[in-house]
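> File target.pdb follows (PDB, C-alpha atoms):
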```
ATOM      1  CA  MET A   1     -49.228-109.524 -61.438
ATOM      2  CA  ARG A   2     -52.459-111.382 -61.946
ATOM      3  CA  GLY A   3     -53.884-108.460 -63.914
ATOM      4  CA  GLY A   4     -51.067-108.503 -66.435
ATOM      5  CA  LEU A   5     -51.197-112.249 -66.966
ATOM      6  CA  GLU A   6     -54.955-112.203 -67.119
ATOM      7  CA  ALA A   7     -55.017-109.509 -69.808
ATOM      8  CA  VAL A   8     -52.946-111.792 -72.046
ATOM      9  CA  PHE A   9     -55.092-114.787 -71.151
ATOM     10  CA  GLU A  10     -58.292-112.898 -71.908
ATOM     11  CA  ARG A  11     -56.982-111.596 -75.209
ATOM     12  CA  ASP A  12     -55.909-115.023 -76.437
ATOM     13  CA  LEU A  13     -58.953-116.798 -75.059
ATOM     14  CA  LEU A  14     -61.387-114.521 -76.831
ATOM     15  CA  ALA A  15     -59.547-114.173 -80.130
ATOM     16  CA  GLY A  16     -61.922-115.443 -82.779
ATOM     17  CA  VAL A  17     -64.812-115.988 -80.367
ATOM     18  CA  GLN A  18     -67.770-114.062 -81.634
ATOM     19  CA  VAL A  19     -71.493-114.047 -81.204
ATOM     20  CA  PRO A  20     -73.142-115.522 -84.320
ATOM     21  CA  GLU A  21     -74.862-113.154 -86.705
ATOM     22  CA  GLY A  22     -78.608-113.217 -86.386
ATOM     23  CA  LEU A  23     -78.607-114.319 -82.747
ATOM     24  CA  THR A  24     -80.862-112.174 -80.568
ATOM     25  CA  PRO A  25     -81.314-112.242 -76.782
ATOM     26  CA  ASP A  26     -84.682-114.037 -76.923
ATOM     27  CA  LYS A  27     -83.077-116.923 -78.805
ATOM     28  CA  VAL A  28     -80.158-117.337 -76.377
ATOM     29  CA  PRO A  29     -81.627-120.164 -74.216
ATOM     30  CA  MET A  30     -82.370-122.454 -77.165
ATOM     31  CA  TYR A  31     -79.081-121.456 -78.807
ATOM     32  CA  LEU A  32     -77.198-122.513 -75.670
ATOM     33  CA  MET A  33     -79.058-125.845 -75.577
ATOM     34  CA  ASP A  34     -78.148-126.439 -79.207
ATOM     35  CA  LEU A  35     -74.549-125.251 -78.838
ATOM     36  CA  CYS A  36     -73.635-127.061 -75.648
ATOM     37  CA  GLY A  37     -75.568-130.309 -75.894
ATOM     38  CA  PRO A  38     -74.126-132.707 -78.473
ATOM     39  CA  SER A  39     -76.696-134.310 -80.770
ATOM     40  CA  SER A  40     -74.718-137.524 -80.672
ATOM     41  CA  PRO A  41     -72.086-138.758 -78.220
ATOM     42  CA  THR A  42     -68.638-137.634 -79.240
ATOM     43  CA  ALA A  43     -65.861-140.078 -80.004
ATOM     44  CA  PHE A  44     -64.212-139.098 -76.717
ATOM     45  CA  LEU A  45     -67.278-140.022 -74.677
ATOM     46  CA  LYS A  46     -67.682-143.321 -76.491
ATOM     47  CA  PHE A  47     -63.998-144.071 -75.897
ATOM     48  CA  MET A  48     -64.367-143.499 -72.165
ATOM     49  CA  GLN A  49     -67.535-145.593 -72.114
ATOM     50  CA  LYS A  50     -66.309-148.589 -74.090
ATOM     51  CA  THR A  51     -62.526-148.637 -74.513
ATOM     52  CA  ALA A  52     -60.459-146.664 -72.002
ATOM     53  CA  THR A  53     -58.225-148.678 -69.705
ATOM     54  CA  LEU A  54     -58.321-148.213 -65.951
ATOM     55  CA  GLU A  55     -55.056-146.286 -66.115
ATOM     56  CA  GLN A  56     -56.462-143.948 -68.741
ATOM     57  CA  PHE A  57     -59.631-143.466 -66.714
ATOM     58  CA  LYS A  58     -57.565-142.628 -63.646
ATOM     59  CA  GLU A  59     -55.549-140.112 -65.674
ATOM     60  CA  LEU A  60     -58.757-138.327 -66.625
ATOM     61  CA  VAL A  61     -59.920-138.315 -63.010
ATOM     62  CA  ILE A  62     -56.581-136.791 -61.990
ATOM     63  CA  THR A  63     -56.707-134.161 -64.712
ATOM     64  CA  ARG A  64     -60.248-133.104 -63.872
ATOM     65  CA  SER A  65     -59.525-133.005 -60.148
ATOM     66  CA  ILE A  66     -58.207-129.439 -60.372
ATOM     67  CA  ASP A  67     -61.750-128.392 -61.287
ATOM     68  CA  ALA A  68     -64.007-131.086 -59.845
ATOM     69  CA  LEU A  69     -62.709-130.989 -56.275
ATOM     70  CA  HIS A  70     -63.841-127.381 -56.184
ATOM     71  CA  GLU A  71     -66.943-127.911 -58.252
ATOM     72  CA  GLY A  72     -69.285-124.986 -58.142
ATOM     73  CA  ASP A  73     -66.940-122.705 -56.201
ATOM     74  CA  ALA A  74     -66.424-120.167 -58.999
ATOM     75  CA  HIS A  75     -70.077-119.579 -59.782
ATOM     76  CA  PRO A  76     -71.315-118.198 -56.434
ATOM     77  CA  TRP A  77     -69.128-115.161 -57.119
ATOM     78  CA  ALA A  78     -71.904-114.089 -59.463
ATOM     79  CA  ILE A  79     -74.617-114.234 -56.784
ATOM     80  CA  PRO A  80     -74.129-110.675 -55.439
ATOM     81  CA  ARG A  81     -73.552-109.387 -58.976
ATOM     82  CA  VAL A  82     -76.983-110.237 -60.431
ATOM     83  CA  SER A  83     -80.544-109.921 -59.225
ATOM     84  CA  GLY A  84     -84.014-111.145 -60.051
ATOM     85  CA  ARG A  85     -84.838-114.495 -61.608
ATOM     86  CA  ALA A  86     -81.266-115.071 -62.780
ATOM     87  CA  LYS A  87     -80.100-114.861 -59.165
ATOM     88  CA  SER A  88     -82.825-117.261 -58.001
ATOM     89  CA  ALA A  89     -81.933-119.820 -60.673
ATOM     90  CA  LEU A  90     -78.207-119.515 -59.945
ATOM     91  CA  ILE A  91     -78.836-120.138 -56.258
ATOM     92  CA  GLU A  92     -81.118-123.080 -57.022
ATOM     93  CA  ILE A  93     -78.411-124.718 -59.130
ATOM     94  CA  GLN A  94     -75.635-123.945 -56.666
ATOM     95  CA  ALA A  95     -77.585-125.238 -53.661
ATOM     96  CA  ASP A  96     -77.797-128.559 -55.462
ATOM     97  CA  GLU A  97     -74.085-128.458 -56.347
ATOM     98  CA  TYR A  98     -73.395-128.232 -52.634
ATOM     99  CA  GLY A  99     -75.657-131.170 -51.784
ATOM    100  CA  GLY A 100     -78.420-129.003 -50.408
ATOM    101  CA  GLY A 101     -76.233-128.193 -47.430
ATOM    102  CA  MET A 102     -75.942-131.830 -46.349
ATOM    103  CA  PRO A 103     -72.409-132.636 -45.181
ATOM    104  CA  GLY A 104     -70.682-135.148 -47.418
ATOM    105  CA  ARG A 105     -73.063-134.607 -50.310
ATOM    106  CA  SER A 106     -71.545-131.683 -52.215
ATOM    107  CA  HIS A 107     -70.335-132.619 -55.671
ATOM    108  CA  GLY A 108     -66.775-131.780 -54.664
ATOM    109  CA  GLU A 109     -67.029-134.257 -51.807
ATOM    110  CA  LEU A 110     -68.395-136.912 -54.135
ATOM    111  CA  TYR A 111     -65.272-136.400 -56.248
ATOM    112  CA  VAL A 112     -63.138-137.049 -53.165
ATOM    113  CA  ILE A 113     -64.960-140.368 -52.820
ATOM    114  CA  LEU A 114     -64.328-141.173 -56.502
ATOM    115  CA  MET A 115     -60.620-140.462 -56.172
ATOM    116  CA  SER A 116     -60.319-142.443 -52.945
ATOM    117  CA  GLU A 117     -62.086-145.444 -54.452
ATOM    118  CA  LEU A 118     -59.559-145.346 -57.303
ATOM    119  CA  ASP A 119     -56.639-145.182 -54.821
ATOM    120  CA  LEU A 120     -55.833-141.613 -55.849
ATOM    121  CA  ASP A 121     -54.831-138.844 -53.464
ATOM    122  CA  PRO A 122     -57.856-136.519 -53.122
ATOM    123  CA  ALA A 123     -55.889-133.645 -51.563
ATOM    124  CA  TYR A 124     -56.397-130.585 -53.756
ATOM    125  CA  GLY A 125     -53.374-129.960 -55.955
ATOM    126  CA  ALA A 126     -51.725-133.279 -55.159
ATOM    127  CA  TYR A 127     -51.164-133.838 -58.883
ATOM    128  CA  ILE A 128     -50.551-130.232 -59.913
ATOM    129  CA  GLU A 129     -47.224-131.003 -61.557
ATOM    130  CA  GLN A 130     -48.778-133.718 -63.725
ATOM    131  CA  ILE A 131     -51.942-131.966 -64.825
ATOM    132  CA  PRO A 132     -51.806-130.526 -68.392
ATOM    133  CA  ALA A 133     -51.884-126.754 -68.721
ATOM    134  CA  VAL A 134     -55.212-126.641 -70.513
ATOM    135  CA  ALA A 135     -56.928-128.104 -67.441
ATOM    136  CA  LEU A 136     -55.532-125.210 -65.434
ATOM    137  CA  ALA A 137     -56.715-122.828 -68.158
ATOM    138  CA  LEU A 138     -60.296-124.030 -67.661
ATOM    139  CA  GLN A 139     -60.059-123.116 -63.982
ATOM    140  CA  ASN A 140     -58.445-119.765 -64.790
ATOM    141  CA  LEU A 141     -61.315-119.048 -67.167
ATOM    142  CA  ARG A 142     -63.807-119.505 -64.360
ATOM    143  CA  SER A 143     -61.973-117.294 -61.889
ATOM    144  CA  MET A 144     -61.414-114.614 -64.511
ATOM    145  CA  PHE A 145     -65.112-114.489 -65.331
ATOM    146  CA  GLY A 146     -66.315-114.918 -61.767
ATOM    147  CA  LEU A 147     -64.161-112.255 -60.122
ATOM    148  CA  GLN A 148     -64.979-109.421 -62.497
ATOM    149  CA  GLN A 149     -68.267-107.532 -62.574
ATOM    150  CA  ARG A 150     -67.973-106.891 -66.307
ATOM    151  CA  TRP A 151     -67.833-110.641 -66.885
ATOM    152  CA  ARG A 152     -70.861-111.600 -64.799
ATOM    153  CA  GLY A 153     -72.623-112.684 -67.986
ATOM    154  CA  GLY A 154     -69.549-114.733 -68.883
ATOM    155  CA  ILE A 155     -69.589-116.772 -65.688
ATOM    156  CA  LEU A 156     -73.257-117.529 -66.253
ATOM    157  CA  GLY A 157     -72.472-118.635 -69.813
ATOM    158  CA  ASN A 158     -69.677-120.788 -68.409
ATOM    159  CA  LEU A 159     -72.088-122.396 -65.947
ATOM    160  CA  ALA A 160     -74.622-123.043 -68.697
ATOM    161  CA  ALA A 161     -71.933-124.648 -70.886
ATOM    162  CA  THR A 162     -70.954-126.816 -67.921
ATOM    163  CA  GLU A 163     -74.486-127.997 -67.129
ATOM    164  CA  ILE A 164     -75.946-128.452 -70.616
ATOM    165  CA  GLY A 165     -75.194-131.880 -72.013
ATOM    166  CA  SER A 166     -73.530-132.887 -68.744
ATOM    167  CA  SER A 167     -75.985-135.715 -68.029
ATOM    168  CA  LEU A 168     -74.963-137.470 -71.245
ATOM    169  CA  ILE A 169     -71.260-136.974 -70.471
ATOM    170  CA  ASN A 170     -71.589-138.347 -66.965
ATOM    171  CA  ARG A 171     -73.615-141.354 -68.066
ATOM    172  CA  HIS A 172     -70.816-142.330 -70.423
ATOM    173  CA  PHE A 173     -68.248-141.933 -67.663
ATOM    174  CA  SER A 174     -70.354-143.910 -65.185
ATOM    175  CA  GLU A 175     -70.827-146.760 -67.654
ATOM    176  CA  GLY A 176     -67.128-146.705 -68.481
ATOM    177  CA  LEU A 177     -66.172-146.981 -64.825
ATOM    178  CA  ALA A 178     -68.710-149.767 -64.319
ATOM    179  CA  ARG A 179     -67.106-151.630 -67.227
ATOM    180  CA  LEU A 180     -63.756-151.287 -65.465
ATOM    181  CA  GLY A 181     -65.165-152.720 -62.234
ATOM    182  CA  GLY A 182     -65.853-149.440 -60.444
ATOM    183  CA  SER A 183     -68.139-149.768 -57.437
ATOM    184  CA  LYS A 184     -71.483-147.990 -57.095
ATOM    185  CA  ARG A 185     -69.810-145.785 -54.486
ATOM    186  CA  ALA A 186     -67.056-144.884 -56.927
ATOM    187  CA  ARG A 187     -69.627-144.026 -59.580
ATOM    188  CA  TRP A 188     -71.756-141.919 -57.216
ATOM    189  CA  PHE A 189     -70.215-138.670 -58.512
ATOM    190  CA  TYR A 190     -71.169-139.483 -62.096
ATOM    191  CA  ASP A 191     -74.599-140.952 -61.282
ATOM    192  CA  GLU A 192     -75.548-137.954 -59.162
ATOM    193  CA  HIS A 193     -74.734-135.679 -62.093
ATOM    194  CA  ILE A 194     -76.925-137.581 -64.548
ATOM    195  CA  LEU A 195     -80.097-136.728 -62.633
ATOM    196  CA  ALA A 196     -79.006-133.392 -61.183
ATOM    197  CA  ASP A 197     -77.799-131.888 -64.441
ATOM    198  CA  ALA A 198     -80.949-132.933 -66.301
ATOM    199  CA  VAL A 199     -82.586-130.347 -64.031
ATOM    200  CA  HIS A 200     -79.689-127.891 -64.002
ATOM    201  CA  GLU A 201     -79.325-127.595 -67.760
ATOM    202  CA  GLN A 202     -82.902-126.354 -68.100
ATOM    203  CA  LEU A 203     -82.541-123.945 -65.174
ATOM    204  CA  ALA A 204     -79.220-122.682 -66.522
ATOM    205  CA  ALA A 205     -80.363-122.130 -70.102
ATOM    206  CA  HIS A 206     -83.871-120.801 -69.543
ATOM    207  CA  ASP A 207     -84.302-119.532 -66.006
ATOM    208  CA  MET A 208     -80.805-118.198 -65.425
ATOM    209  CA  CYS A 209     -79.407-117.149 -68.812
ATOM    210  CA  GLY A 210     -82.842-116.398 -70.261
ATOM    211  CA  ALA A 211     -83.608-114.050 -67.378
ATOM    212  CA  PHE A 212     -80.149-112.467 -67.419
ATOM    213  CA  VAL A 213     -80.242-111.514 -71.098
ATOM    214  CA  ALA A 214     -83.720-110.039 -70.599
ATOM    215  CA  ASP A 215     -82.850-108.123 -67.428
ATOM    216  CA  TYR A 216     -79.338-107.023 -68.472
ATOM    217  CA  PRO A 217     -79.772-106.368 -72.199
ATOM    218  CA  ALA A 218     -76.500-104.454 -72.551
ATOM    219  CA  GLU A 219     -74.554-107.558 -71.500
ATOM    220  CA  TRP A 220     -76.465-110.336 -73.242
ATOM    221  CA  ASP A 221     -73.590-111.165 -75.560
ATOM    222  CA  ARG A 222     -71.299-111.888 -72.593
ATOM    223  CA  VAL A 223     -73.363-114.968 -71.816
ATOM    224  CA  VAL A 224     -72.804-116.330 -75.311
ATOM    225  CA  ILE A 225     -69.097-115.430 -75.296
ATOM    226  CA  GLY A 226     -68.707-117.163 -71.931
ATOM    227  CA  ALA A 227     -70.273-120.340 -73.270
ATOM    228  CA  LEU A 228     -68.285-120.294 -76.536
ATOM    229  CA  ALA A 229     -64.968-119.691 -74.770
ATOM    230  CA  THR A 230     -65.730-122.541 -72.375
ATOM    231  CA  LEU A 231     -66.474-124.966 -75.194
ATOM    232  CA  ASN A 232     -63.343-123.990 -77.069
ATOM    233  CA  LEU A 233     -61.166-124.677 -74.038
ATOM    234  CA  ARG A 234     -63.016-127.908 -73.354
ATOM    235  CA  ALA A 235     -62.317-129.102 -76.903
ATOM    236  CA  LEU A 236     -58.616-128.320 -76.372
ATOM    237  CA  PHE A 237     -58.757-130.204 -73.080
ATOM    238  CA  ALA A 238     -60.251-133.283 -74.740
ATOM    239  CA  SER A 239     -57.521-133.206 -77.410
ATOM    240  CA  SER A 240     -54.839-132.886 -74.755
ATOM    241  CA  VAL A 241     -56.070-136.159 -73.304
ATOM    242  CA  VAL A 242     -57.021-138.104 -76.419
ATOM    243  CA  ASP A 243     -54.058-137.250 -78.661
ATOM    244  CA  PRO A 244     -51.360-138.649 -76.309
ATOM    245  CA  TRP A 245     -53.439-141.766 -75.754
ATOM    246  CA  ALA A 246     -53.776-142.284 -79.494
ATOM    247  CA  ALA A 247     -49.983-142.105 -79.699
ATOM    248  CA  GLY A 248     -49.718-144.776 -77.015
ATOM    249  CA  GLY A 249     -48.545-142.453 -74.258
ATOM    250  CA  THR A 250     -49.794-140.766 -71.116
ATOM    251  CA  SER A 251     -51.935-137.626 -71.046
ATOM    252  CA  LEU A 252     -50.211-136.444 -67.867
ATOM    253  CA  ARG A 253     -47.187-134.164 -67.869
ATOM    254  CA  GLU A 254     -44.013-136.123 -67.445
ATOM    255  CA  LEU A 255     -41.337-134.306 -65.529
ATOM    256  CA  ALA A 256     -37.816-134.428 -66.934
ATOM    257  CA  THR A 257     -35.267-136.048 -64.680
ATOM    258  CA  VAL A 258     -32.552-133.704 -63.512
TER     259      VAL A 258
ATOM    260  CA  MET B   1     -98.141-118.849 -47.183
ATOM    261  CA  LEU B   2     -97.938-115.074 -47.545
ATOM    262  CA  ASP B   3     -97.290-115.153 -51.281
ATOM    263  CA  ASP B   4     -99.872-117.761 -52.387
ATOM    264  CA  GLN B   5     -97.169-120.145 -53.591
ATOM    265  CA  PRO B   6     -98.818-123.411 -54.686
ATOM    266  CA  PRO B   7     -97.527-126.578 -52.972
ATOM    267  CA  VAL B   8     -96.377-128.101 -56.259
ATOM    268  CA  GLU B   9     -94.912-126.260 -59.216
ATOM    269  CA  ILE B  10     -94.813-128.047 -62.569
ATOM    270  CA  THR B  11     -92.774-126.381 -65.326
ATOM    271  CA  VAL B  12     -92.742-127.569 -68.927
ATOM    272  CA  TYR B  13     -89.528-126.816 -70.836
ATOM    273  CA  ASP B  14     -89.602-126.546 -74.626
ATOM    274  CA  ASN B  15     -87.874-129.568 -76.185
ATOM    275  CA  GLY B  16     -87.056-130.740 -72.678
ATOM    276  CA  PRO B  17     -88.427-132.372 -69.551
ATOM    277  CA  VAL B  18     -91.110-131.396 -67.088
ATOM    278  CA  ILE B  19     -89.553-130.106 -63.878
ATOM    279  CA  ILE B  20     -91.383-130.616 -60.584
ATOM    280  CA  ARG B  21     -90.682-128.526 -57.486
ATOM    281  CA  GLY B  22     -92.399-128.405 -54.118
ATOM    282  CA  THR B  23     -94.205-131.069 -52.105
ATOM    283  CA  TYR B  24     -95.324-133.984 -54.255
ATOM    284  CA  LYS B  25     -95.655-137.737 -54.240
ATOM    285  CA  LEU B  26     -94.162-139.676 -57.143
ATOM    286  CA  GLN B  27     -95.674-143.118 -57.728
ATOM    287  CA  ASP B  28     -95.537-145.905 -60.269
ATOM    288  CA  ARG B  29     -98.696-147.273 -61.868
ATOM    289  CA  ASP B  30     -99.189-149.630 -58.910
ATOM    290  CA  ARG B  31     -99.247-146.617 -56.574
ATOM    291  CA  LYS B  32     -95.884-147.637 -55.164
ATOM    292  CA  ASP B  33     -93.736-144.693 -54.103
ATOM    293  CA  ILE B  34     -90.735-143.806 -56.234
ATOM    294  CA  ASP B  35     -88.008-142.069 -54.222
ATOM    295  CA  PRO B  36     -86.168-139.679 -56.540
ATOM    296  CA  GLY B  37     -83.377-139.076 -54.004
ATOM    297  CA  ARG B  38     -83.606-135.321 -54.607
ATOM    298  CA  GLU B  39     -86.119-132.523 -54.138
ATOM    299  CA  THR B  40     -86.476-131.019 -57.598
ATOM    300  CA  ILE B  41     -86.866-133.552 -60.398
ATOM    301  CA  ALA B  42     -86.995-133.591 -64.176
ATOM    302  CA  LEU B  43     -89.388-136.093 -65.761
ATOM    303  CA  CYS B  44     -88.753-137.472 -69.247
ATOM    304  CA  ARG B  45     -91.011-136.243 -72.025
ATOM    305  CA  CYS B  46     -89.151-137.568 -75.072
ATOM    306  CA  GLY B  47     -89.128-141.272 -74.241
ATOM    307  CA  LEU B  48     -85.358-141.607 -74.725
ATOM    308  CA  SER B  49     -84.293-141.606 -71.079
ATOM    309  CA  SER B  50     -82.488-144.660 -69.733
ATOM    310  CA  LEU B  51     -83.675-143.675 -66.243
ATOM    311  CA  LYS B  52     -87.404-143.200 -66.804
ATOM    312  CA  PRO B  53     -89.451-141.601 -65.383
ATOM    313  CA  PHE B  54     -86.513-139.235 -64.811
ATOM    314  CA  CYS B  55     -84.822-137.218 -67.505
ATOM    315  CA  ASP B  56     -81.211-138.190 -68.158
ATOM    316  CA  GLY B  57     -80.492-135.581 -70.804
ATOM    317  CA  ASN B  58     -80.870-138.009 -73.701
ATOM    318  CA  HIS B  59     -83.265-135.655 -75.489
ATOM    319  CA  VAL B  60     -80.199-133.924 -76.944
ATOM    320  CA  LEU B  61     -79.638-137.055 -79.002
ATOM    321  CA  ARG B  62     -82.821-136.284 -80.879
ATOM    322  CA  GLY B  63     -81.389-132.930 -81.929
ATOM    323  CA  ALA B  64     -84.598-131.377 -80.704
ATOM    324  CA  ALA B  65     -82.938-128.152 -79.693
ATOM    325  CA  ARG B  66     -81.075-127.974 -82.962
ATOM    326  CA  SER B  67     -84.245-127.573 -84.997
ATOM    327  CA  ALA B  68     -85.229-124.569 -82.926
ATOM    328  CA  ALA B  69     -81.879-122.863 -83.565
ATOM    329  CA  GLU B  70     -81.541-123.815 -87.240
ATOM    330  CA  SER B  71     -81.770-120.256 -88.441
ATOM    331  CA  ILE B  72     -78.867-119.132 -86.270
ATOM    332  CA  ALA B  73     -75.423-119.222 -87.929
ATOM    333  CA  ARG B  74     -72.972-121.647 -86.382
ATOM    334  CA  PRO B  75     -70.068-119.957 -84.542
ATOM    335  CA  THR B  76     -67.004-119.280 -86.679
ATOM    336  CA  THR B  77     -64.565-120.493 -84.057
ATOM    337  CA  GLY B  78     -63.351-124.121 -83.721
ATOM    338  CA  GLY B  79     -65.639-127.098 -83.206
ATOM    339  CA  THR B  80     -67.848-126.980 -80.183
ATOM    340  CA  THR B  81     -67.941-130.710 -79.684
ATOM    341  CA  THR B  82     -64.928-132.734 -78.790
ATOM    342  CA  SER B  83     -63.807-135.444 -81.116
TER     343      SER B  83
END
```
Since I need it in another form, could you write the structure as structure tokens?

Amino acid sequence: MRGGLEAVFERDLLAGVQVPEGLTPDKVPMYLMDLCGPSSPTAFLKFMQKTATLEQFKELVITRSIDALHEGDAHPWAIPRVSGRAKSALIEIQADEYGGGMPGRSHGELYVILMSELDLDPAYGAYIEQIPAVALALQNLRSMFGLQQRWRGGILGNLAATEIGSSLINRHFSEGLARLGGSKRARWFYDEHILADAVHEQLAAHDMCGAFVADYPAEWDRVVIGALATLNLRALFASSVVDPWAAGGTSLRELATV
Amino acid sequence: MLDDQPPVEITVYDNGPVIIRGTYKLQDRDRKDIDPGRETIALCRCGLSSLKPFCDGNHVLRGAARSAAESIARPTTGGTTTS
């Protein structure tokens, strides 16, 4: 059943996504840095930093929980599928994602702390009925790429798109939560990402993706497609949050009463 | 060490930070230790970081990477940045 649904998902996800003309494998790392790192904070980030209410901030935390509580879990699927420097870089990033093996320090566990500090239920899937579909699509993208050998380049592109520019995103979120009275403990998830992802984005773009496109030349375009597809879905996700707020409503799914 | 790995590895990234791995001591100008709270660190090279000496990713605001990719056509799909 998954295969049938996934074929439709893949077809629709990749419609219109194409590798730019003129891009060659040696230019992929700098292309990813340019593509995935905004040159100025987006309106969404500035809104979260300066304007969002506590309720809106909590909605975003809920919506991202479907991904963040399992942060990093989709990317290790690529570890046995690649070798060489790309594998080393992937492991280096992932080890950090899991707090270097220290209990309580994985990024997923830091998200549990964030949710608890905001009086939200950190049990995975607690808010599944309220989370918009596009947030689920982002998770489905990761598992689709991660579980298929032919998409090993795609999951690396997805990881690069996740890491690059992340420090800037998390700084805006941390400052927004501070503005709303969030404790240092509550902001730990965001603050950890500011420093960690400043390292990870370089490893992801250059060491991991740079090595992959060199060592697996027949699949270099998959890295780019993975990153582009991720950004497209992320833009849809941001709209799914911002548009309802602009209309004065909630970004969460509201269940009809029976 | 069997493979002659140096104790400290310093890697310079184009249009990005310097990344330090290995066993090192990070100090301020008064020789006071700075605890980075992590093993591998990225040090700011662009001067825009709000967390100096550490990189906080603010170099993207300078569009430094963009100039290196100027010759590459932008993707034809929807916007890559959220609005």
> List, as a PyMOL selection string, every residue that the PyMOL selection byres ((chain B and resi 17) around 12) selects in the file provided.
(chain A and resi 195+197-203) or (chain B and resi 10-16+18-20+41-49+52-60+64)
> Give me the residues within 7 Å of segment 67-70 of chain A as a VMD selection string, counting all atoms listed in the file and dropping any in the same chain fewer than 3 places off.
chain A and resid 64 73 108 111 to 112 124 139
> Residues of chain A within 7 Å of chain B, counting all atoms listed in the file - could you list those as a PyMOL selection string?
chain A and resi 16-23+30-31+33-34+37-40+42-44+165+167-168+194-195+198-199+231-232+235+238
> Starting from the PyMOL selection byres ((chain A and resi 137) around 10), expand the selection into actual residues of this file and give them as a list of chain:residue names.
A:Phe9, A:Leu13, A:Pro132, A:Ala133, A:Val134, A:Ala135, A:Leu136, A:Leu138, A:Gln139, A:Asn140, A:Leu141, A:Arg142, A:Ser143, A:Thr230, A:Leu233, A:Arg234, A:Phe237
> Write a file of the selected residues as an mmCIF file, in the frame of the given file, keeping C-alpha atoms.

```cif
data_model
loop_
_atom_site.group_PDB
_atom_site.id
_atom_site.type_symbol
_atom_site.label_atom_id
_atom_site.label_comp_id
_atom_site.auth_asym_id
_atom_site.auth_seq_id
_atom_site.Cartn_x
_atom_site.Cartn_y
_atom_site.Cartn_z
ATOM 1 C CA PHE A 9 -55.092 -114.787 -71.151
ATOM 2 C CA LEU A 13 -58.953 -116.798 -75.059
ATOM 3 C CA PRO A 132 -51.806 -130.526 -68.392
ATOM 4 C CA ALA A 133 -51.884 -126.754 -68.721
ATOM 5 C CA VAL A 134 -55.212 -126.641 -70.513
ATOM 6 C CA ALA A 135 -56.928 -128.104 -67.441
ATOM 7 C CA LEU A 136 -55.532 -125.210 -65.434
ATOM 8 C CA LEU A 138 -60.296 -124.030 -67.661
ATOM 9 C CA GLN A 139 -60.059 -123.116 -63.982
ATOM 10 C CA ASN A 140 -58.445 -119.765 -64.790
ATOM 11 C CA LEU A 141 -61.315 -119.048 -67.167
ATOM 12 C CA ARG A 142 -63.807 -119.505 -64.360
ATOM 13 C CA SER A 143 -61.973 -117.294 -61.889
ATOM 14 C CA THR A 230 -65.730 -122.541 -72.375
ATOM 15 C CA LEU A 233 -61.166 -124.677 -74.038
ATOM 16 C CA ARG A 234 -63.016 -127.908 -73.354
ATOM 17 C CA PHE A 237 -58.757 -130.204 -73.080
#
```
> Kindly give the distance, in Å, that separates atom CA of Ala205 of chain A and atom CA of Ala160 of chain A, rounded to a single decimal.
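Computed distance, atom CA of Ala205 of chain A to atom CA of Ala160 of chain A, equals 6.0 Å.
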> Excluding same-chain residues fewer than 2 positions from Ile225 of chain A, what lies within 10 Å of it counting all atoms listed in the file, as a compact mmCIF listing (two decimals) with C-alpha atoms, in the coordinates of the input?

```
# COMPACT_ATOMS: atom_id res chain seq x y z
CA LEU A 14 -61.39 -114.52 -76.83
CA VAL A 17 -64.81 -115.99 -80.37
CA GLN A 18 -67.77 -114.06 -81.63
CA VAL A 19 -71.49 -114.05 -81.20
CA PRO A 20 -73.14 -115.52 -84.32
CA TRP A 151 -67.83 -110.64 -66.89
CA GLY A 153 -72.62 -112.68 -67.99
CA GLY A 154 -69.55 -114.73 -68.88
CA ILE A 155 -69.59 -116.77 -65.69
CA GLY A 157 -72.47 -118.64 -69.81
CA ASN A 158 -69.68 -120.79 -68.41
CA TRP A 220 -76.46 -110.34 -73.24
CA ASP A 221 -73.59 -111.16 -75.56
CA ARG A 222 -71.30 -111.89 -72.59
CA VAL A 223 -73.36 -114.97 -71.82
CA ALA A 227 -70.27 -120.34 -73.27
CA LEU A 228 -68.28 -120.29 -76.54
CA ALA A 229 -64.97 -119.69 -74.77
CA THR A 230 -65.73 -122.54 -72.38
CA LEU A 231 -66.47 -124.97 -75.19
```
> Run the PyMOL selection byres ((chain B and resi 7) around 8) against the file shown and list the residues it catches, as a PDB file with C-alpha atoms, in the coordinates of the input.

```pdb
ATOM      1  CA  GLN B   5     -97.169-120.145 -53.591  1.00  0.00           C
ATOM      2  CA  PRO B   6     -98.818-123.411 -54.686  1.00  0.00           C
ATOM      3  CA  VAL B   8     -96.377-128.101 -56.259  1.00  0.00           C
ATOM      4  CA  GLU B   9     -94.912-126.260 -59.216  1.00  0.00           C
ATOM      5  CA  GLY B  22     -92.399-128.405 -54.118  1.00  0.00           C
ATOM      6  CA  THR B  23     -94.205-131.069 -52.105  1.00  0.00           C
ATOM      7  CA  TYR B  24     -95.324-133.984 -54.255  1.00  0.00           C
TER       8      TYR B  24
END
```
> One decimal, in Å: what's the spacing between atom CA of Glu129 of chain A and atom CA of Lys50 of chain A?
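Spanning atom CA of Glu129 of chain A to atom CA of Lys50 of chain A is a straight-line distance of 28.8 Å.
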> With distances taken over all atoms listed in the file, which residue among A:Asp121, A:Cys36, A:Glu219, A:Leu114 lies nearest Ile169 of chain A?
A:Cys36
> Just to confirm, what's the straight-line distance from atom CA of Asp191 of chain A to atom CA of Leu156 of chain A in Å (one decimal)?
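Going from atom CA of Asp191 of chain A over to atom CA of Leu156 of chain A covers 24.0 Å.
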> Would you please work out which residue, of A:Gly176, A:Ala204, A:Gln130, A:Val224, is nearest to Leu255 of chain A when using all atoms listed in the file?
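Among the listed residues, A:Gln130 lies closest to Leu255 of chain A.
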> Around (-76.4, -116.4, -60.8), as given in the file, which residues come within 8 Å? Count all atoms listed in the file and list them as a count of residues only.
15
